[in-house]
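Quick notes on the structure that follows.
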Amino acid sequence: MLAKTFVPRHVLVSRCFSSVNSKTLKVGDVLREARVFTSEDVKGYAEVSHDWNPLHFDQESARKAGFENPLVHGMLVSSMFPHIISSHFPGAVYVSQTLHFRSPVYVGDDILGIVQATALRETKNKYIVKFSTKCIKKHSELLVLDGDATAILPNLEMLQPSHSE
């Protein structure tokens with residue numbers, strides 16, 4: 001039941017391939033997902049993570065800390081990356097992620113998560129893929145977080161994610 005809190009009902013996932021007809025991941029390919037975080041998402045994340053920092057819930061605490069409104073948890077925003085990767089590569093194993101939090105995300109912000117394949121190599125019938133990762137506010141193109149991720153993929157054939165989530 002709680003898991004449904006974290007699955008966006010209306011997510012836009014798109015891909016930009018290096019080859020128009022290719023369904024095989026290549027260096028340079030980009031996968032994207034748009035999401036608007038809700039107050040229910042923030043509450044659900046706090047319940048799971050036990051992060052009840054008042055900056056996420058209390059207007060006055062957030063303003064005293066220099067923010068316009070309570071913040072969406074940065075780790076909740078960064079959870080877009082493994083979702084984007086696993087929706088195209090079921091069975092992917094997330095190995096590492098670096099993150100740099102650049103700008104705050106508030107409830108209702110329209111966020112675009114972007115992962116781009118930067119390196120890949122085959123090992124023992126699996127693929128180790130490095131991705132550059134970033135999230136931006138869609139309308140202003142303000143960078144809110146970025147970093148790099150590494151995942152082990154069972155294959156390089158991309159699936160078209162279901163939009164019925």
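In the structure tokens, chains take letters A, B, ... by order of appearance, with residues numbered from 1 within each chain and ligands from 1 in the order shown.
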**Asked** What lies within 8 Å of Ser61 of chain A using only C-alpha atoms, ignoring chain neighbours under 5 positions off, as a PyMOL selection string?
**Response** chain A and resi 54-55+70
**Request:** Write out as JSON, numbers by chain which residues come within 12 Å of Asp58 of chain A when counting only C-alpha atoms, dropping same-chain ones fewer than 6 positions away.
**Result:** {"A": [39, 52, 64, 65, 67, 68, 69, 70, 71, 72]}
Go ahead and save the residues from that selection, with C-alpha atoms, as an mmCIF file, in the first residue's frame.
data_model
loop_
_atom_site.group_PDB
_atom_site.id
_atom_site.type_symbol
_atom_site.label_atom_id
_atom_site.label_comp_id
_atom_site.auth_asym_id
_atom_site.auth_seq_id
_atom_site.Cartn_x
_atom_site.Cartn_y
_atom_site.Cartn_z
ATOM 1 C CA SER A 39 2.991 16.483 -0.297
ATOM 2 C CA TRP A 52 11.039 14.088 9.693
ATOM 3 C CA LYS A 64 14.243 30.493 8.576
ATOM 4 C CA ALA A 65 16.709 28.244 6.735
ATOM 5 C CA PHE A 67 13.968 28.453 1.513
ATOM 6 C CA GLU A 68 10.706 29.649 -0.011
ATOM 7 C CA ASN A 69 8.686 26.638 1.145
ATOM 8 C CA PRO A 70 9.177 23.215 2.706
ATOM 9 C CA LEU A 71 11.526 21.054 0.631
ATOM 10 C CA VAL A 72 11.051 17.746 -1.135
#
**Request:** Tell me, as a list in words, which residues lie within 12 Å of Asp51 of chain A, counting only C-alpha atoms; anything in the same chain fewer than 4 positions away does not count.
**Result:** Val42, Lys43, Gly44, Tyr45, Ala46, Glu47, Leu55, His56, Phe57, Val72, His73, Gly74, Met75 and Leu76 of chain A
**Message:** Between A:Ser49, A:Thr123, A:Thr24, A:Thr133, which residue has the minimum interatomic distance to Thr98 of chain A, considering only C-alpha atoms?
**Reply:** A:Thr133
**Request:** Compare A:Asp148, A:Glu157, A:Glu141, A:Glu60 by their minimum atom-to-atom distance to Leu112 of chain A, counting only C-alpha atoms, and give me the closest one.
**Result:** A:Glu141
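Counting only C-alpha atoms, the residue from A:Val48, A:Ile114, A:Val105, A:Val93 that sits nearest to Asp146 of chain A is A:Ile114.
Take the candidates A:Lys126, A:Arg35, A:His50, A:His100 and check each one against Leu145 of chain A using only C-alpha atoms; the shortest distance goes to A:His100.
The list of residues with at least one atom within 8 Å of Ile84 of chain A, based on only C-alpha atoms and without residues fewer than 2 positions apart in the same chain, reads Val13, Leu31, Arg32, Glu33, Met80, Phe81, Pro82, Ser86, Ser87, His88, Gly113 and Val115 of chain A.
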**Asked** Suppose you want the space between atom CA of Asp109 of chain A and atom CA of Gln59 of chain A; what is it in Å?
**Response**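 Result for atom CA of Asp109 of chain A versus atom CA of Gln59 of chain A: 16.2 Å, one decimal.
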